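J.: My structure is below; once you've seen it, I'll send some questions.
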Amino acid sequence: SQQGEEDPQALSIQEGENATMNCSYKTSINNLQWYRQNSGRGLVHLILIRSNEREKHSGRLRVTLDTSKKSSSLLITASRAADTASYFCATLPMEYGNKLVFGAGTILRVKS
Amino acid sequence: KAGVTQTPRYLIKTRGQQVTLSCSPISGHRSVSWYQQTPGQGLQFLFEYFSETQRNKGNFPGRFSGRQFSNSRSEMNVSTLELGDSALYLCASSLVAGGSSEQFFGPGTRLTVL
């Protein structure tokens, strides 16, 4: 079963706009990671945020983590057509024997 | 550094056959994890190997097996293929085991079972 649930399932925006994706999970976690996947290819790691961290930045990416609400968000600012991809959150639950569990993903389309 | 490589990239098999997929991790990485990705089930963890030992296993039948060699290269094998095994199989390598660090993914092997 999937631990993380992304919201929305799909998002379509214009180039230059910001994109926000959310991830909710069910059990306590050690860390949460965001990955990007372009059209059925391998995943690319974006950001890892640990359970004792609240916010991390990497370039145009900003990730927040709220462990009390068991949720995370990924913000992509000033989006580009090249950001078009599927975005997955992956959690490392404390009780699942150190297995990374992926959500269903958000499909982001950035129109130029 | 060279990235994670997977061979073959595409594979077509028929029901009942078996298949072996190969993964070469990034140099220095001792952890290799395998995932199955399908439109219906999404990304599901198969197993993880670290220093030639299976450390974790997902909820897949015994037809799915794997191993890791002393050079950290890993193979996974699926025996008695079923139509539902059609999927993108991804391997990922990392420095440490257990998902506590970023995973570097290969391009995947797309398996089609007819």
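All residue names refer to the structure tokens as shown: chains lettered A, B, ... in order, residues numbered from 1 in each chain, ligands numbered from 1 in order.
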May I have the residues within 12 Å of Ala82 (chain A) as a list in words, using only C-alpha atoms and disregarding those fewer than 4 positions away in the same chain?
T.: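 Neighbouring residues, sequence-local ones excluded: Gln14, Glu15, Gly16, Arg36, Gln37, Asn38, Ser39, Ile76, Ala78, Ser86, Leu108, Arg109, Val110, Lys111 and Ser112 of chain A.
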J.: Using only C-alpha atoms, which residues of chain B come within 7 Å of chain A, and what is the closest atom pair for each, with the distance in Å to one decimal? Give it as a tab-separated table, sorted by chain and residue number.
T.:
residue	atom	partner	partner_atom	distance
B:Gly42	CA	A:Ala104	CA	5.7
B:Leu43	CA	A:Phe102	CA	6.0
B:Asn56	CA	A:Lys99	CA	6.9
B:Leu90	CA	A:Gly42	CA	6.9
B:Gly98	CA	A:Asn98	CA	4.6
B:Gly99	CA	A:Leu100	CA	5.5
B:Glu102	CA	A:His45	CA	6.5
B:Gln103	CA	A:His45	CA	6.7
B:Phe104	CA	A:His45	CA	6.8
B:Phe105	CA	A:Gly42	CA	5.5
B:Gly106	CA	A:Gly42	CA	5.4
B:Pro107	CA	A:Gly42	CA	4.2
B:Gly108	CA	A:Gly42	CA	5.9
J.: Those residues with all heavy atoms, as a CSV table (one decimal), in the first residue's frame please?
T.:
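As written to disk, out-v4.csv reads:
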chain,number,residue,atom,x,y,z
B,42,GLY,N,1.7,2.0,-9.4
B,42,GLY,CA,2.7,3.0,-9.1
B,42,GLY,C,4.0,2.4,-8.9
B,42,GLY,O,4.3,1.3,-9.4
B,43,LEU,N,4.8,3.1,-8.1
B,43,LEU,CA,6.2,2.6,-7.8
B,43,LEU,C,6.2,1.7,-6.5
B,43,LEU,O,5.8,2.2,-5.5
B,43,LEU,CB,7.1,3.8,-7.5
B,43,LEU,CG,7.8,4.4,-8.7
B,43,LEU,CD1,8.2,5.8,-8.4
B,43,LEU,CD2,9.1,3.6,-9.0
B,56,ASN,N,16.2,-5.7,2.7
B,56,ASN,CA,14.8,-5.5,2.8
B,56,ASN,C,14.1,-6.1,1.6
B,56,ASN,O,14.7,-6.2,0.5
B,56,ASN,CB,14.5,-4.0,2.8
B,56,ASN,CG,14.7,-3.4,4.1
B,56,ASN,OD1,14.1,-3.8,5.1
B,56,ASN,ND2,15.6,-2.4,4.2
B,90,LEU,N,13.0,-0.4,-12.2
B,90,LEU,CA,14.0,0.6,-11.9
B,90,LEU,C,14.9,0.2,-10.8
B,90,LEU,O,14.4,-0.4,-9.8
B,90,LEU,CB,13.3,1.9,-11.5
B,90,LEU,CG,12.4,2.6,-12.5
B,90,LEU,CD1,11.5,3.6,-11.9
B,90,LEU,CD2,13.3,3.4,-13.5
B,98,GLY,N,18.9,1.5,3.3
B,98,GLY,CA,17.7,1.8,4.1
B,98,GLY,C,17.0,3.1,3.8
B,98,GLY,O,16.1,3.5,4.5
B,99,GLY,N,17.3,3.7,2.6
B,99,GLY,CA,16.5,4.9,2.2
B,99,GLY,C,16.8,6.1,3.0
B,99,GLY,O,16.1,7.1,2.9
B,102,GLU,N,19.8,10.0,-0.5
B,102,GLU,CA,19.2,10.1,-1.8
B,102,GLU,C,19.5,8.9,-2.6
B,102,GLU,O,20.6,8.3,-2.5
B,102,GLU,CB,19.6,11.4,-2.5
B,102,GLU,CG,21.1,11.4,-2.9
B,102,GLU,CD,21.4,12.7,-3.6
B,102,GLU,OE1,21.0,12.8,-4.8
B,102,GLU,OE2,22.2,13.5,-3.1
B,103,GLN,N,18.5,8.5,-3.4
B,103,GLN,CA,18.7,7.4,-4.3
B,103,GLN,C,19.0,7.9,-5.7
B,103,GLN,O,18.3,8.8,-6.2
B,103,GLN,CB,17.4,6.6,-4.4
B,103,GLN,CG,16.8,6.2,-3.0
B,103,GLN,CD,17.1,4.8,-2.6
B,103,GLN,OE1,16.7,3.9,-3.3
B,103,GLN,NE2,17.8,4.6,-1.5
B,104,PHE,N,19.9,7.2,-6.4
B,104,PHE,CA,20.2,7.6,-7.8
B,104,PHE,C,19.6,6.5,-8.7
B,104,PHE,O,20.1,5.3,-8.6
B,104,PHE,CB,21.7,7.7,-8.0
B,104,PHE,CG,22.3,8.9,-7.2
B,104,PHE,CD1,22.6,8.7,-5.9
B,104,PHE,CD2,22.6,10.1,-7.8
B,104,PHE,CE1,23.2,9.8,-5.2
B,104,PHE,CE2,23.1,11.1,-7.1
B,104,PHE,CZ,23.4,11.0,-5.8
B,105,PHE,N,18.7,6.9,-9.5
B,105,PHE,CA,18.0,5.9,-10.3
B,105,PHE,C,18.6,5.7,-11.7
B,105,PHE,O,19.1,6.6,-12.3
B,105,PHE,CB,16.5,6.3,-10.5
B,105,PHE,CG,15.7,6.0,-9.3
B,105,PHE,CD1,15.7,6.9,-8.2
B,105,PHE,CD2,14.9,4.9,-9.3
B,105,PHE,CE1,14.9,6.6,-7.1
B,105,PHE,CE2,14.1,4.6,-8.2
B,105,PHE,CZ,14.1,5.5,-7.1
B,106,GLY,N,18.5,4.5,-12.2
B,106,GLY,CA,18.9,4.2,-13.6
B,106,GLY,C,17.7,4.5,-14.5
B,106,GLY,O,16.6,4.9,-14.0
B,107,PRO,N,17.9,4.4,-15.8
B,107,PRO,CA,16.8,4.7,-16.8
B,107,PRO,C,15.7,3.7,-16.8
B,107,PRO,O,14.6,3.9,-17.4
B,107,PRO,CB,17.6,4.7,-18.1
B,107,PRO,CG,18.7,3.8,-17.9
B,107,PRO,CD,19.1,3.9,-16.5
B,108,GLY,N,15.9,2.5,-16.2
B,108,GLY,CA,14.9,1.5,-16.2
B,108,GLY,C,15.0,0.5,-17.3
B,108,GLY,O,15.6,0.7,-18.3
J.: What parts of chain A does DSSP call strand (DSSP E or B)? I'd like the answer as JSON, numbers by chain.
T.: {"A": [5, 6, 7, 10, 11, 12, 13, 14, 19, 20, 21, 22, 23, 24, 29, 30, 31, 32, 33, 34, 35, 36, 37, 43, 44, 45, 46, 47, 48, 49, 50, 55, 56, 57, 58, 61, 62, 63, 64, 65, 66, 71, 72, 73, 74, 75, 76, 85, 86, 87, 88, 89, 90, 91, 92, 93, 101, 102, 106, 107, 108, 109, 110, 111]}
J.: Between CA of Arg67 (chain B) and CA of Gln18 (chain B), what is the distance, to one decimal in Å?
T.: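 If I compute the distance from CA of Arg67 (chain B) to CA of Gln18 (chain B), I get 15.5 Å.
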J.: Hey, what's within 9 Å of region 72-75 of chain B if we count only C-alpha atoms and toss same-chain stuff fewer than 3 positions away? As an mmCIF file with N, CA and C atoms, in the first residue's frame, please?
T.:
data_model
loop_
_atom_site.group_PDB
_atom_site.id
_atom_site.type_symbol
_atom_site.label_atom_id
_atom_site.label_comp_id
_atom_site.auth_asym_id
_atom_site.auth_seq_id
_atom_site.Cartn_x
_atom_site.Cartn_y
_atom_site.Cartn_z
ATOM 1 N N THR B 20 16.138 -11.992 -16.635
ATOM 2 C CA THR B 20 17.146 -11.445 -15.719
ATOM 3 C C THR B 20 17.485 -10.036 -16.145
ATOM 4 N N LEU B 21 17.385 -9.130 -15.196
ATOM 5 C CA LEU B 21 17.713 -7.732 -15.444
ATOM 6 C C LEU B 21 18.967 -7.376 -14.659
ATOM 7 N N SER B 22 19.757 -6.473 -15.220
ATOM 8 C CA SER B 22 21.026 -6.132 -14.596
ATOM 9 C C SER B 22 21.091 -4.651 -14.249
ATOM 10 N N CYS B 23 21.798 -4.351 -13.171
ATOM 11 C CA CYS B 23 21.950 -2.972 -12.709
ATOM 12 C C CYS B 23 23.378 -2.763 -12.231
ATOM 13 N N SER B 24 24.032 -1.734 -12.754
ATOM 14 C CA SER B 24 25.361 -1.362 -12.281
ATOM 15 C C SER B 24 25.252 -0.036 -11.546
ATOM 16 N N PRO B 25 25.564 -0.029 -10.256
ATOM 17 C CA PRO B 25 25.394 1.208 -9.471
ATOM 18 C C PRO B 25 26.520 2.199 -9.744
ATOM 19 N N SER B 27 29.789 4.118 -8.979
ATOM 20 C CA SER B 27 30.999 3.640 -8.329
ATOM 21 C C SER B 27 31.055 4.101 -6.875
ATOM 22 N N GLY B 28 31.282 3.148 -5.979
ATOM 23 C CA GLY B 28 31.355 3.478 -4.558
ATOM 24 C C GLY B 28 30.055 3.256 -3.810
ATOM 25 N N HIS B 29 28.967 3.139 -4.536
ATOM 26 C CA HIS B 29 27.678 2.868 -3.885
ATOM 27 C C HIS B 29 27.546 1.377 -3.622
ATOM 28 N N ARG B 30 27.192 1.036 -2.405
ATOM 29 C CA ARG B 30 27.067 -0.372 -2.059
ATOM 30 C C ARG B 30 25.618 -0.826 -1.907
ATOM 31 N N SER B 31 24.692 0.115 -1.944
ATOM 32 C CA SER B 31 23.284 -0.234 -1.816
ATOM 33 C C SER B 31 22.608 -0.165 -3.178
ATOM 34 N N VAL B 32 21.882 -1.207 -3.519
ATOM 35 C CA VAL B 32 21.088 -1.229 -4.746
ATOM 36 C C VAL B 32 19.673 -1.660 -4.393
ATOM 37 N N SER B 33 18.716 -0.847 -4.804
ATOM 38 C CA SER B 33 17.307 -1.162 -4.591
ATOM 39 C C SER B 33 16.617 -1.340 -5.931
ATOM 40 N N TYR B 49 19.615 -4.540 -1.724
ATOM 41 C CA TYR B 49 20.828 -5.271 -1.409
ATOM 42 C C TYR B 49 21.901 -4.296 -0.954
ATOM 43 N N PHE B 50 22.642 -4.735 0.027
ATOM 44 C CA PHE B 50 23.766 -3.947 0.530
ATOM 45 C C PHE B 50 24.885 -4.905 0.854
ATOM 46 N N SER B 51 26.043 -4.667 0.262
ATOM 47 C CA SER B 51 27.206 -5.542 0.481
ATOM 48 C C SER B 51 26.832 -7.007 0.309
ATOM 49 N N GLU B 52 26.165 -7.300 -0.787
ATOM 50 C CA GLU B 52 25.830 -8.663 -1.219
ATOM 51 C C GLU B 52 24.755 -9.338 -0.376
ATOM 52 N N SER B 65 13.281 -12.477 -7.531
ATOM 53 C CA SER B 65 14.460 -12.687 -6.709
ATOM 54 C C SER B 65 15.585 -11.796 -7.199
ATOM 55 N N GLY B 66 16.594 -11.665 -6.408
ATOM 56 C CA GLY B 66 17.710 -10.831 -6.807
ATOM 57 C C GLY B 66 18.988 -11.291 -6.155
ATOM 58 N N ARG B 67 20.057 -10.657 -6.549
ATOM 59 C CA ARG B 67 21.340 -10.899 -5.899
ATOM 60 C C ARG B 67 22.258 -9.732 -6.185
ATOM 61 N N GLN B 68 23.297 -9.657 -5.398
ATOM 62 C CA GLN B 68 24.286 -8.603 -5.592
ATOM 63 C C GLN B 68 25.664 -9.235 -5.566
ATOM 64 N N PHE B 69 26.506 -8.757 -6.434
ATOM 65 C CA PHE B 69 27.853 -9.300 -6.551
ATOM 66 C C PHE B 69 28.841 -8.463 -5.745
ATOM 67 N N CYS B 91 16.153 0.407 -10.995
ATOM 68 C CA CYS B 91 17.056 0.173 -9.885
ATOM 69 C C CYS B 91 17.638 1.512 -9.451
#
J.: By how many Å are CA of Met21 (chain A) and CA of Leu88 (chain B) apart?
T.: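 Spanning CA of Met21 (chain A) to CA of Leu88 (chain B) is a straight-line distance of 24.2 Å.
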J.: State, in Å with one decimal place, the distance from CA of Gly16 (chain B) to CA of Glu48 (chain B).
T.: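 For CA of Gly16 (chain B) relative to CA of Glu48 (chain B), the distance reads 25.2 Å.
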J.: Arg63 (chain B): which residues within 8 Å, counting only C-alpha atoms, same-chain residues fewer than 3 positions away excluded, as a list in words?
T.: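 Residues meeting the cut-off are Phe60, Asn77, Val78, Ser79 and Thr80 of chain B.
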J.: Selected residues, C-alpha atoms, written as a tab-separated table (two decimals), in the first residue's frame, please.
T.:
chain	number	residue	atom	x	y	z
B	60	PHE	CA	6.18	-9.59	-4.06
B	77	ASN	CA	15.25	-12.40	-11.85
B	78	VAL	CA	11.59	-13.01	-12.50
B	79	SER	CA	10.58	-16.58	-13.16
B	80	THR	CA	7.38	-17.90	-14.69
J.: Which one is closest to Thr67 (chain A): A:Ile29, A:Ala81, A:Cys89, A:Met94? Count only C-alpha atoms.
T.: A:Ile29
